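What follows is the content of upload-v2.txt, which has compact mmCIF, C-alpha atoms:
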```txt
# COMPACT_ATOMS: atom_id res chain seq x y z
CA MET A 1046 91.35 58.29 56.27
CA THR A 1047 88.61 55.86 57.28
CA LEU A 1048 88.41 52.13 56.54
CA LEU A 1049 85.59 52.71 54.06
CA THR A 1050 87.73 55.20 52.18
CA HIS A 1051 90.57 52.68 51.98
CA LEU A 1052 88.18 50.04 50.62
CA VAL A 1053 86.83 52.44 48.01
CA TYR A 1054 90.34 53.33 46.89
CA ALA A 1055 91.36 49.62 46.73
CA LEU A 1056 88.21 48.72 44.80
CA ALA A 1057 88.86 51.60 42.42
CA TYR A 1058 92.35 50.53 41.42
CA LEU A 1059 91.31 46.83 41.22
CA ILE A 1060 88.52 47.74 38.82
CA ALA A 1061 90.93 49.99 36.94
CA GLY A 1062 93.43 47.11 36.58
CA ILE A 1063 90.81 44.59 35.45
CA SER A 1064 89.38 47.13 33.04
CA ALA A 1065 92.83 47.89 31.62
CA GLY A 1066 93.60 44.18 31.09
CA ALA A 1067 90.21 43.50 29.51
CA ALA A 1068 90.46 46.55 27.26
CA LEU A 1069 93.94 45.56 26.02
CA TRP A 1070 92.74 42.03 25.29
CA ALA A 1071 89.71 43.37 23.40
CA LEU A 1072 91.79 45.79 21.34
CA ARG A 1073 94.54 43.22 20.57
CA PRO A 1074 92.87 39.81 20.40
CA GLU A 1075 95.86 38.40 18.55
CA ALA A 1076 98.19 39.25 21.43
CA ASP A 1077 99.02 36.84 24.21
CA PRO A 1078 96.31 37.10 26.96
CA LEU A 1079 99.10 37.03 29.58
CA VAL A 1080 100.28 40.45 28.41
CA ALA A 1081 96.78 41.87 28.99
CA TRP A 1082 96.65 40.43 32.49
CA LEU A 1083 100.18 41.73 33.28
CA ALA A 1084 99.13 45.18 32.11
CA GLY A 1085 96.10 45.03 34.42
CA ALA A 1086 98.31 43.87 37.31
CA LEU A 1087 100.66 46.81 36.71
CA VAL A 1088 97.68 49.20 36.91
CA VAL A 1089 96.59 47.57 40.19
CA LEU A 1090 100.16 47.78 41.57
CA ALA A 1091 100.46 51.44 40.55
CA GLY A 1092 97.15 52.18 42.26
CA ALA A 1093 98.30 50.39 45.41
CA LEU A 1094 101.55 52.37 45.44
CA VAL A 1095 99.66 55.64 45.03
CA HIS A 1096 97.26 54.54 47.78
CA ASP A 1097 100.19 53.80 50.12
CA VAL A 1098 101.90 57.14 49.37
CA VAL A 1099 98.70 59.07 50.01
CA THR A 1100 98.14 57.19 53.27
CA ARG A 1101 101.69 57.90 54.49
CA LEU A 1102 101.43 61.57 53.56
CA GLU A 1103 98.18 61.85 55.46
CA ARG A 1104 99.68 60.16 58.54
CA GLU A 1105 102.72 62.46 58.42
CA SER A 1106 100.45 65.47 58.07
CA LYS A 1107 98.46 64.38 61.14
CA ALA A 1108 101.64 63.79 63.11
CA ALA A 1109 102.98 67.20 62.11
CA ARG A 1110 99.76 68.88 63.21
CA ARG A 1111 99.89 67.06 66.57
CA ILE A 1112 103.51 68.04 67.09
CA ALA A 1113 102.67 71.63 66.24
CA ARG A 1114 99.79 71.62 68.75
CA LEU A 1115 102.01 70.07 71.42
CA SER A 1116 104.73 72.63 70.71
CA ASP A 1117 102.21 75.45 70.99
CA ARG A 1118 100.94 74.01 74.27
CA VAL A 1119 104.46 73.68 75.68
CA GLU A 1120 105.23 77.28 74.71
CA GLU A 1121 101.98 78.41 76.30
CA LEU A 1122 102.78 76.58 79.54
CA ALA A 1123 106.30 77.98 79.57
CA HIS A 1124 104.89 81.47 79.11
CA LEU A 1125 102.42 80.94 81.94
CA LEU A 1126 105.18 79.71 84.22
CA GLU A 1127 107.28 82.77 83.39
CA GLN A 1128 104.35 85.07 84.07
CA ARG A 1129 103.26 83.25 87.22
CA PRO A 1130 105.30 85.27 89.77
CA ALA A 1131 103.81 88.53 88.48
CA SER A 1132 100.26 87.18 88.34
CA ASP A 1133 100.68 85.51 91.73
CA HIS A 1134 101.74 88.82 93.23
CA GLY A 1135 98.55 90.41 91.91
CA ALA A 1136 96.33 87.56 93.09
CA ALA A 1137 98.34 86.86 96.28
CA PRO A 1138 98.13 83.03 96.33
CA GLU A 1139 99.87 81.09 99.04
CA SER A 1140 102.65 79.38 97.09
CA SER A 1141 104.68 81.82 95.00
CA ALA A 1142 104.01 84.93 97.07
CA ARG A 1143 104.97 83.21 100.32
CA TYR A 1144 108.08 81.66 98.74
CA ASP A 1145 109.25 85.05 97.40
CA ALA A 1146 108.61 86.73 100.74
CA VAL A 1147 110.43 84.07 102.75
CA MET A 1148 113.42 84.17 100.40
CA GLN A 1149 113.63 87.95 100.78
CA GLU A 1150 113.45 87.63 104.56
CA VAL A 1151 116.20 85.03 104.57
CA LYS A 1152 118.43 87.25 102.43
CA LEU A 1153 117.69 90.23 104.67
CA LEU A 1154 118.46 88.29 107.84
CA GLN A 1155 121.66 86.96 106.31
CA SER A 1156 122.80 90.46 105.40
CA LEU A 1157 122.05 91.72 108.91
CA VAL A 1158 123.96 88.94 110.62
CA ALA A 1159 126.88 89.40 108.22
CA ARG A 1160 127.28 92.97 109.47
CA LEU A 1161 128.02 91.87 113.02
CA THR A 1162 131.66 91.14 112.23
CA GLU A 1163 132.00 94.56 110.62
CA ARG A 1164 130.89 96.54 113.69
CA ARG A 1165 133.54 95.91 116.31
CA ALA A 1166 134.87 99.43 116.84
CA PRO A 1167 133.42 101.13 119.97
CA ARG A 1168 131.21 104.12 119.38
CA PRO A 1169 130.47 107.01 121.72
CA PRO A 1170 127.13 106.71 123.46
CA ALA A 1171 124.23 108.67 122.00
CA PRO A 1172 122.56 111.38 124.10
CA SER A 1173 119.98 110.03 126.47
CA SER A 1174 116.56 111.61 126.76
CA ASP A 1175 115.43 109.95 129.95
CA PRO A 1176 116.87 109.07 133.33
CA GLY A 1177 116.75 105.41 132.47
CA GLY A 1178 119.40 105.88 129.80
CA THR A 1179 117.35 104.72 126.78
CA PRO A 1180 119.66 105.45 123.85
CA GLY A 1181 118.67 108.41 121.75
CA GLY A 1182 115.23 108.29 123.24
CA ALA A 1183 114.37 105.93 120.42
CA ARG A 1184 113.54 102.89 122.47
CA ARG A 1185 112.48 101.90 125.94
CA PRO A 1186 112.51 98.75 128.02
CA ALA A 1187 110.10 96.09 126.87
CA ALA A 1188 108.01 96.26 130.04
CA THR A 1189 107.60 98.42 133.07
CA PRO A 1190 107.66 97.13 136.65
CA SER A 1191 104.34 95.65 137.55
CA PRO A 1192 102.69 93.79 140.39
CA ALA A 1193 101.69 91.14 137.89
CA PRO A 1194 103.75 87.95 138.21
CA GLN A 1195 106.50 87.37 135.69
CA PRO A 1196 108.47 84.22 134.95
CA ALA A 1197 111.71 84.30 136.93
CA PRO A 1198 114.81 84.16 134.75
CA PRO A 1199 117.28 81.37 135.40
CA ALA A 1200 119.63 82.11 138.24
CA ALA A 1201 122.95 83.40 136.92
CA ALA A 1202 125.80 85.57 138.05
CA PRO A 1203 125.53 89.27 137.11
CA MET A 1204 127.05 90.00 133.70
CA ASP A 1205 129.47 92.85 133.18
CA ASP A 1206 129.29 95.08 130.10
CA ALA A 1207 131.76 92.98 128.11
CA ALA A 1208 129.78 89.81 128.81
CA VAL A 1209 126.51 91.51 127.88
CA LEU A 1210 128.04 92.76 124.61
CA GLU A 1211 129.33 89.30 123.73
CA ALA A 1212 125.95 87.76 124.63
CA VAL A 1213 124.16 90.25 122.36
CA ARG A 1214 126.51 89.55 119.46
CA ASP A 1215 126.16 85.81 119.97
CA ALA A 1216 122.37 86.05 120.24
CA LEU A 1217 122.19 88.00 116.98
CA LYS A 1218 124.24 85.39 115.16
CA ALA A 1219 122.35 82.45 116.70
CA ASP A 1220 118.88 84.00 116.21
CA ARG A 1221 118.17 84.33 119.94
CA ILE A 1222 116.53 87.75 119.77
CA ASP A 1223 113.13 86.80 121.14
CA VAL A 1224 110.05 88.75 120.11
CA TYR A 1225 107.44 89.54 122.76
CA LEU A 1226 103.95 90.89 122.15
CA GLN A 1227 101.82 93.03 124.45
CA PRO A 1228 98.21 93.84 123.55
CA ILE A 1229 96.76 97.30 123.02
CA VAL A 1230 93.04 97.20 123.72
CA SER A 1231 90.00 99.30 123.00
CA LEU A 1232 88.30 100.83 126.02
CA PRO A 1233 86.09 100.00 127.79
CA GLN A 1234 85.55 96.74 125.82
CA ARG A 1235 89.15 95.55 126.35
CA LYS A 1236 89.16 94.02 122.87
CA HIS A 1237 92.60 93.44 121.39
CA ARG A 1238 93.18 95.92 118.55
CA PHE A 1239 96.97 95.96 118.21
CA TYR A 1240 100.08 94.33 119.59
CA GLU A 1241 103.27 96.14 120.47
CA VAL A 1242 106.42 94.24 119.53
CA PHE A 1243 109.34 94.11 121.97
CA SER A 1244 112.69 92.38 121.67
CA ARG A 1245 114.66 90.61 124.39
CA VAL A 1246 118.08 89.01 124.15
CA ARG A 1247 118.50 85.41 125.29
CA SER A 1248 121.98 84.22 126.18
CA ALA A 1249 123.32 80.77 125.33
CA ASP A 1250 122.44 79.45 128.81
CA GLY A 1251 118.84 80.66 128.49
CA GLN A 1252 119.20 83.78 130.63
CA GLN A 1253 117.10 86.74 129.49
CA ILE A 1254 118.89 90.05 129.14
CA MET A 1255 116.37 92.83 129.50
CA PRO A 1256 116.44 95.94 127.26
CA ASP A 1257 117.39 98.30 130.07
CA ARG A 1258 120.59 96.25 130.49
CA TYR A 1259 121.75 95.88 126.89
CA LEU A 1260 120.39 98.93 125.02
CA ASP A 1261 123.13 101.37 126.10
CA ILE A 1262 125.84 98.84 125.30
CA ALA A 1263 124.31 97.92 121.94
CA GLU A 1264 124.04 101.60 121.06
CA ARG A 1265 127.71 102.23 121.86
CA GLU A 1266 128.80 99.26 119.75
CA GLY A 1267 126.61 100.09 116.78
CA LEU A 1268 124.36 97.05 117.20
CA ILE A 1269 121.10 98.80 118.02
CA ALA A 1270 120.12 99.18 114.36
CA THR A 1271 120.71 95.47 113.76
CA ILE A 1272 118.49 94.56 116.71
CA ASP A 1273 115.79 96.92 115.45
CA ASN A 1274 116.10 95.55 111.95
CA LEU A 1275 115.75 91.95 113.06
CA GLN A 1276 112.72 92.94 115.11
CA LEU A 1277 111.12 94.54 112.05
CA VAL A 1278 111.65 91.41 109.96
CA ARG A 1279 110.12 89.30 112.72
CA CYS A 1280 107.24 91.74 112.90
CA VAL A 1281 106.52 91.32 109.18
CA GLN A 1282 106.53 87.54 109.66
CA LEU A 1283 104.05 87.88 112.51
CA ILE A 1284 101.77 90.09 110.42
CA ARG A 1285 101.79 87.55 107.61
CA GLU A 1286 100.99 84.79 110.10
CA THR A 1287 97.92 86.69 111.32
CA GLU A 1288 96.92 87.33 107.70
CA ARG A 1289 96.90 83.59 107.04
CA ARG A 1290 94.63 83.14 110.05
CA GLN A 1291 92.47 86.09 108.96
CA HIS A 1292 93.12 88.08 112.12
CA ALA A 1293 92.43 91.77 111.57
CA ILE A 1294 95.01 93.16 113.97
CA GLY A 1295 97.93 95.59 113.66
CA PHE A 1296 101.41 95.72 115.15
CA PHE A 1297 103.41 98.58 116.67
CA ALA A 1298 107.17 98.29 116.18
CA ASN A 1299 109.82 100.63 117.55
CA ILE A 1300 112.11 102.13 114.95
CA SER A 1301 115.20 104.10 115.92
CA ALA A 1302 117.01 106.94 114.17
CA ALA A 1303 119.85 104.47 113.56
CA THR A 1304 117.51 102.19 111.64
CA LEU A 1305 116.10 105.06 109.58
CA ALA A 1306 119.62 106.11 108.71
CA ASP A 1307 120.58 102.56 107.66
CA ALA A 1308 120.12 103.06 103.91
CA GLU A 1309 121.05 99.50 102.91
CA PHE A 1310 118.64 97.90 105.36
CA MET A 1311 115.81 100.29 104.49
CA ARG A 1312 116.28 99.54 100.78
CA GLN A 1313 116.06 95.78 101.37
CA PHE A 1314 113.21 96.16 103.84
CA LEU A 1315 111.15 98.25 101.42
CA ASN A 1316 111.81 95.77 98.62
CA MET A 1317 110.50 93.05 100.91
CA MET A 1318 107.41 95.09 101.78
CA ALA A 1319 106.78 95.77 98.08
CA GLN A 1320 106.16 92.02 97.75
CA ASN A 1321 103.78 92.20 100.73
CA HIS A 1322 102.10 95.53 100.19
CA ALA A 1323 98.85 94.32 101.73
CA LEU A 1324 100.69 94.05 105.06
CA VAL A 1325 101.86 97.70 105.07
CA PRO A 1326 98.70 99.17 106.69
CA LYS A 1327 99.05 96.70 109.59
CA LEU A 1328 102.53 97.86 110.57
CA VAL A 1329 102.83 101.04 112.66
CA PHE A 1330 106.31 102.44 113.23
CA GLU A 1331 106.79 103.93 116.70
CA LEU A 1332 109.21 106.80 117.39
CA SER A 1333 109.85 108.69 120.59
CA GLN A 1334 109.03 112.36 121.00
CA HIS A 1335 112.72 113.05 121.61
CA ALA A 1336 113.79 111.26 118.40
CA LEU A 1337 111.33 113.36 116.41
CA SER A 1338 112.46 116.61 117.99
CA VAL A 1339 116.17 116.02 117.35
CA GLY A 1340 115.85 114.10 114.09
CA GLY A 1341 115.69 117.16 111.92
CA ALA A 1342 114.99 117.30 108.19
CA VAL A 1343 116.75 114.02 107.39
CA THR A 1344 114.59 111.94 109.74
CA MET A 1345 111.39 113.66 108.67
CA GLY A 1346 112.32 113.24 105.01
CA ILE A 1347 112.73 109.49 105.47
CA LEU A 1348 109.41 109.35 107.31
CA SER A 1349 107.76 111.20 104.42
CA GLN A 1350 109.10 108.63 101.97
CA LEU A 1351 107.77 105.80 104.12
CA ALA A 1352 104.41 107.55 104.45
CA ARG A 1353 104.10 107.78 100.66
CA LEU A 1354 104.42 103.99 100.55
CA GLY A 1355 101.48 103.66 102.95
CA PHE A 1356 103.20 103.32 106.33
CA ARG A 1357 101.73 105.00 109.42
CA PHE A 1358 103.45 106.15 112.61
CA SER A 1359 102.95 106.52 116.34
CA MET A 1360 104.74 108.80 118.81
CA ASP A 1361 105.57 107.52 122.29
CA GLN A 1362 107.65 108.52 125.32
CA VAL A 1363 105.83 111.85 125.43
CA THR A 1364 107.14 114.21 128.10
CA ASP A 1365 105.98 117.54 126.63
CA LEU A 1366 102.26 117.99 126.01
CA GLY A 1367 102.96 120.92 123.69
CA ILE A 1368 102.66 118.60 120.68
CA ASP A 1369 102.75 120.00 117.14
CA LEU A 1370 99.82 118.02 115.75
CA ASP A 1371 100.02 119.70 112.33
CA ARG A 1372 103.60 118.43 111.92
CA LEU A 1373 102.58 114.94 112.99
CA LEU A 1374 99.68 114.88 110.54
CA ARG A 1375 101.91 115.97 107.66
CA HIS A 1376 104.00 112.86 108.27
CA GLU A 1377 101.08 110.43 108.79
CA PHE A 1378 101.31 110.05 112.57
CA ARG A 1379 97.99 108.48 113.52
CA CYS A 1380 98.63 107.49 117.14
CA ILE A 1381 100.12 109.10 120.24
CA LYS A 1382 100.97 107.13 123.37
CA LEU A 1383 100.75 108.84 126.74
CA ASP A 1384 102.00 107.59 130.07
CA ARG A 1385 99.21 106.98 132.57
CA ALA A 1386 100.96 109.13 135.20
CA LEU A 1387 101.12 112.01 132.72
CA VAL A 1388 97.44 111.65 131.85
CA LEU A 1389 96.24 111.47 135.47
CA ASP A 1390 98.42 114.30 136.79
CA PRO A 1391 95.97 117.03 137.90
CA ALA A 1392 98.40 119.69 136.74
CA ASN A 1393 97.96 118.43 133.16
CA ALA A 1394 94.17 118.07 133.21
CA GLU A 1395 93.38 121.10 131.03
CA ARG A 1396 96.12 120.36 128.48
CA ILE A 1397 95.05 116.71 128.29
CA ARG A 1398 91.44 117.70 127.58
CA GLU A 1399 92.58 120.07 124.83
CA LEU A 1400 94.85 117.43 123.33
CA ARG A 1401 92.02 114.90 123.36
CA ARG A 1402 89.69 117.37 121.64
CA ARG A 1403 92.18 118.20 118.91
CA CYS A 1404 93.21 114.59 118.31
CA ALA A 1405 89.57 113.51 118.02
CA ALA A 1406 89.01 116.24 115.43
CA GLU A 1407 92.11 115.25 113.43
CA GLY A 1408 91.58 111.47 113.61
CA ILE A 1409 94.59 110.73 115.83
CA ASP A 1410 94.17 107.90 118.35
CA LEU A 1411 95.43 108.42 121.90
CA ILE A 1412 96.69 105.35 123.78
CA VAL A 1413 97.27 105.39 127.53
CA GLU A 1414 100.18 103.20 128.60
CA LYS A 1415 101.11 101.48 131.88
CA ILE A 1416 97.63 100.72 133.13
CA GLU A 1417 98.35 98.15 135.84
CA THR A 1418 95.27 97.95 138.09
CA GLU A 1419 91.48 98.16 137.89
CA ASN A 1420 91.51 101.42 139.89
CA GLN A 1421 93.91 102.98 137.39
CA LEU A 1422 91.64 101.83 134.55
CA VAL A 1423 88.61 103.47 136.17
CA GLU A 1424 90.53 106.75 136.44
CA VAL A 1425 91.59 106.53 132.77
CA LEU A 1426 88.04 105.75 131.64
CA ASP A 1427 86.82 108.85 133.47
CA THR A 1428 89.07 110.92 131.18
CA GLY A 1429 87.44 109.42 128.08
CA PHE A 1430 90.36 107.70 126.36
CA ASP A 1431 89.60 104.97 123.82
CA PHE A 1432 92.73 102.78 123.93
CA GLY A 1433 94.87 101.35 126.71
CA GLN A 1434 97.96 99.26 127.27
CA GLY A 1435 99.50 97.71 130.34
CA TYR A 1436 99.84 94.62 132.49
CA LEU A 1437 96.16 94.78 133.39
CA PHE A 1438 95.33 93.75 129.82
CA GLY A 1439 98.26 91.39 129.34
CA GLU A 1440 101.98 91.27 129.98
CA PRO A 1441 104.43 90.87 127.10
CA ARG A 1442 104.40 87.25 125.99
CA LEU A 1443 106.83 85.37 123.84
CA SER A 1444 105.54 85.00 120.29
CA ARG A 1445 105.94 81.70 118.56
CA LYS A 1446 108.24 81.49 115.56
CA PRO A 1447 106.33 81.87 112.27
CA GLU A 1448 106.04 78.59 110.37
```
Rewrite the coordinates I just gave you, this time as structure tokens.
Amino acid sequence: MTLLTHLVYALAYLIAGISAGAALWALRPEADPLVAWLAGALVVLAGALVHDVVTRLERESKAARRIARLSDRVEELAHLLEQRPASDHGAAPESSARYDAVMQEVKLLQSLVARLTERRAPRPPAPSSDPGGTPGGARRPAATPSPAPQPAPPAAAPMDDAAVLEAVRDALKADRIDVYLQPIVSLPQRKHRFYEVFSRVRSADGQQIMPDRYLDIAEREGLIATIDNLQLVRCVQLIRETERRQHAIGFFANISAATLADAEFMRQFLNMMAQNHALVPKLVFELSQHALSVGGAVTMGILSQLARLGFRFSMDQVTDLGIDLDRLLRHEFRCIKLDRALVLDPANAERIRELRRRCAAEGIDLIVEKIETENQLVEVLDTGFDFGQGYLFGEPRLSRKPE
């Protein structure tokens, strides 16, 4: 109600009071004039009371409307906050999506470390597919011997198997499984297209324990899946880090039969990836030829489930060039890694040419590993391969911890 409206109302009941007093005096001239004026005053007072009641009711109505609007706004904000995680997942902003992903990684890492105390009983060693004793053929040492210089590990006395096992367990608990990256490049441009992820154990005194020393022991003690699992989580963190920097690059990560058979880890890992589905195409799982040949229906069934979620695969440690490409394609294998010595062996020349022709037709990339010198690169380029890996293009380097 405006000031003018209040003045009009006040003027109205003043006039009404004066009029009432004057009318009463005119109608009853014999009466005491004071009665007429009291009657007019009562009319003015009644008008003032009505004016005050109307004003209060209007103020209360305005206040009620404001409270209702504020309540609606609060409910709207509460609804938006409740819906924010879902909408954030669709729009992939930094805050909520990153928080959810980090929390899932923390829970996953906690569950992995908690298993270490449950796996103390010795296990029989798995069959080895290569002279180097790589367990189950599922993994291989992080790097091959190379003329390229490498940092010398701190001097330390040789560790026996028991000491290595204890160092591995301690490193898992203390988060000293270091992740190393080695580039995979396009040829002949030598442009980095992928990185392969390796893991190395670091003891409490800083000594590096290389894979060819701890893999057999970890396999016997049931720790190999935990090491693989931690490596996969670190790999996802690295992929997210490159996403934040807008680097269009993929990562190859070894996955063993033990990891595929770890139902609890795979469930948690897939839940984590569901929150980061945009990262799935950048992660390539790598399995050995031996693991695929002995894995059977169970392993291939798990791979099929992963493929339906968008994951892609690579086969490495190839020793038999009689590769069933149709089987690989059915399970979304898009890369095959070949050892340089296997590729350049004159006895394999015809089979290599046929494999290259078929892979090119089917859209499978061939990567030649262990290219160490310029002369070796020239020989590989003469065979027409498009991707290479080896110390010539970069040795495995320690990745920094994701922020």
Pick from A:Thr1418, A:Thr1344, A:Ser1444, A:Ser1359: nearest to Ser1244 of chain A, with all atoms listed in the file counted?
A:Ser1444
May I have the residues within 9 Å of Thr1364 of chain A as a count of residues only, using all atoms listed in the file and disregarding those fewer than 6 positions away in the same chain?
5
Distance atom CA of Phe1243 of chain A-atom CA of Ala1319 of chain A, one decimal place?
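For atom CA of Phe1243 of chain A relative to atom CA of Ala1319 of chain A, the distance reads 24.1 Å.
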Which residues of segment 1389-1446 of chain A sit at most 7 Å from segment 1374-1380 of chain A, using all atoms listed in the file? Give each one's shortest atom pair and distance in Å (one decimal place), in chain and ascending residue order, as CSV.
```
residue,atom,partner,partner_atom,distance
A:Ile1409,CA,A:Arg1379,CA,4.7
A:Asp1410,CA,A:Cys1380,CA,4.6
A:Leu1411,CA,A:Cys1380,CA,5.8
```
Using all atoms listed in the file, find the one residue out of A:Val1329, A:Ala1219, A:Met1318, A:Leu1087 that sits nearest to Val1242 of chain A.
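That would be A:Val1329, the residue with the smallest distance to Val1242 of chain A.
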Asp1273 of chain A surroundings by all atoms listed in the file, 9 Å radius, close-in-sequence under 2 positions cut, as an MDAnalysis selection string:
chainID A and resid 1244 1268:1271 1275:1278 1298:1301 1303:1304
note - atom CA of Met1317 of chain A and atom CA of Ile1381 of chain A are separated by 27.2 Å
Please report the interatomic distance between atom CA of Asp1361 of chain A and atom CA of Gln1434 of chain A in Å with one decimal.
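Going from atom CA of Asp1361 of chain A over to atom CA of Gln1434 of chain A, I get 12.3 Å.
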Since the input has fewer atoms than a full residue there, write segment 1209-1216 of chain A out with all heavy atoms, as a PDB file, in the frame of the given file.
```pdb
ATOM      1  N   VAL A1209     127.795  91.178 128.511  1.00  0.00           N
ATOM      2  CA  VAL A1209     126.510  91.510 127.880  1.00  0.00           C
ATOM      3  C   VAL A1209     126.711  91.748 126.381  1.00  0.00           C
ATOM      4  O   VAL A1209     125.931  91.260 125.549  1.00  0.00           O
ATOM      5  CB  VAL A1209     125.896  92.755 128.544  1.00  0.00           C
ATOM      6  CG1 VAL A1209     124.700  93.266 127.738  1.00  0.00           C
ATOM      7  CG2 VAL A1209     125.457  92.430 129.972  1.00  0.00           C
ATOM      8  N   LEU A1210     127.770  92.486 126.018  1.00  0.00           N
ATOM      9  CA  LEU A1210     128.040  92.760 124.610  1.00  0.00           C
ATOM     10  C   LEU A1210     128.266  91.452 123.848  1.00  0.00           C
ATOM     11  O   LEU A1210     127.714  91.254 122.749  1.00  0.00           O
ATOM     12  CB  LEU A1210     129.263  93.668 124.471  1.00  0.00           C
ATOM     13  CG  LEU A1210     129.747  93.932 123.038  1.00  0.00           C
ATOM     14  CD1 LEU A1210     128.661  94.600 122.220  1.00  0.00           C
ATOM     15  CD2 LEU A1210     131.004  94.791 123.063  1.00  0.00           C
ATOM     16  N   GLU A1211     129.058  90.566 124.404  1.00  0.00           N
ATOM     17  CA  GLU A1211     129.330  89.300 123.730  1.00  0.00           C
ATOM     18  C   GLU A1211     128.054  88.465 123.621  1.00  0.00           C
ATOM     19  O   GLU A1211     127.808  87.799 122.609  1.00  0.00           O
ATOM     20  CB  GLU A1211     130.405  88.517 124.487  1.00  0.00           C
ATOM     21  CG  GLU A1211     130.932  87.308 123.731  1.00  0.00           C
ATOM     22  CD  GLU A1211     131.513  87.665 122.380  1.00  0.00           C
ATOM     23  OE1 GLU A1211     132.085  88.777 122.245  1.00  0.00           O
ATOM     24  OE2 GLU A1211     131.390  86.851 121.440  1.00  0.00           O
ATOM     25  N   ALA A1212     127.211  88.508 124.654  1.00  0.00           N
ATOM     26  CA  ALA A1212     125.950  87.760 124.630  1.00  0.00           C
ATOM     27  C   ALA A1212     125.018  88.306 123.552  1.00  0.00           C
ATOM     28  O   ALA A1212     124.326  87.547 122.868  1.00  0.00           O
ATOM     29  CB  ALA A1212     125.272  87.831 126.001  1.00  0.00           C
ATOM     30  N   VAL A1213     124.997  89.636 123.394  1.00  0.00           N
ATOM     31  CA  VAL A1213     124.160  90.250 122.360  1.00  0.00           C
ATOM     32  C   VAL A1213     124.640  89.842 120.978  1.00  0.00           C
ATOM     33  O   VAL A1213     123.846  89.454 120.110  1.00  0.00           O
ATOM     34  CB  VAL A1213     124.153  91.783 122.513  1.00  0.00           C
ATOM     35  CG1 VAL A1213     123.485  92.438 121.294  1.00  0.00           C
ATOM     36  CG2 VAL A1213     123.422  92.189 123.787  1.00  0.00           C
ATOM     37  N   ARG A1214     125.969  89.934 120.773  1.00  0.00           N
ATOM     38  CA  ARG A1214     126.510  89.550 119.460  1.00  0.00           C
ATOM     39  C   ARG A1214     126.204  88.073 119.166  1.00  0.00           C
ATOM     40  O   ARG A1214     125.793  87.708 118.058  1.00  0.00           O
ATOM     41  CB  ARG A1214     128.016  89.791 119.428  1.00  0.00           C
ATOM     42  CG  ARG A1214     128.432  91.227 119.208  1.00  0.00           C
ATOM     43  CD  ARG A1214     129.834  91.303 118.628  1.00  0.00           C
ATOM     44  NE  ARG A1214     130.192  92.677 118.306  1.00  0.00           N
ATOM     45  CZ  ARG A1214     131.037  93.403 119.022  1.00  0.00           C
ATOM     46  NH1 ARG A1214     131.598  92.900 120.099  1.00  0.00           N
ATOM     47  NH2 ARG A1214     131.324  94.635 118.663  1.00  0.00           N
ATOM     48  N   ASP A1215     126.405  87.233 120.148  1.00  0.00           N
ATOM     49  CA  ASP A1215     126.160  85.810 119.970  1.00  0.00           C
ATOM     50  C   ASP A1215     124.686  85.522 119.719  1.00  0.00           C
ATOM     51  O   ASP A1215     124.332  84.682 118.893  1.00  0.00           O
ATOM     52  CB  ASP A1215     126.649  85.045 121.207  1.00  0.00           C
ATOM     53  CG  ASP A1215     126.507  83.537 121.040  1.00  0.00           C
ATOM     54  OD1 ASP A1215     127.134  82.986 120.119  1.00  0.00           O
ATOM     55  OD2 ASP A1215     125.765  82.916 121.829  1.00  0.00           O
ATOM     56  N   ALA A1216     123.809  86.240 120.425  1.00  0.00           N
ATOM     57  CA  ALA A1216     122.370  86.050 120.240  1.00  0.00           C
ATOM     58  C   ALA A1216     121.933  86.476 118.849  1.00  0.00           C
ATOM     59  O   ALA A1216     121.071  85.840 118.228  1.00  0.00           O
ATOM     60  CB  ALA A1216     121.598  86.834 121.304  1.00  0.00           C
TER      61      ALA A1216
END
```
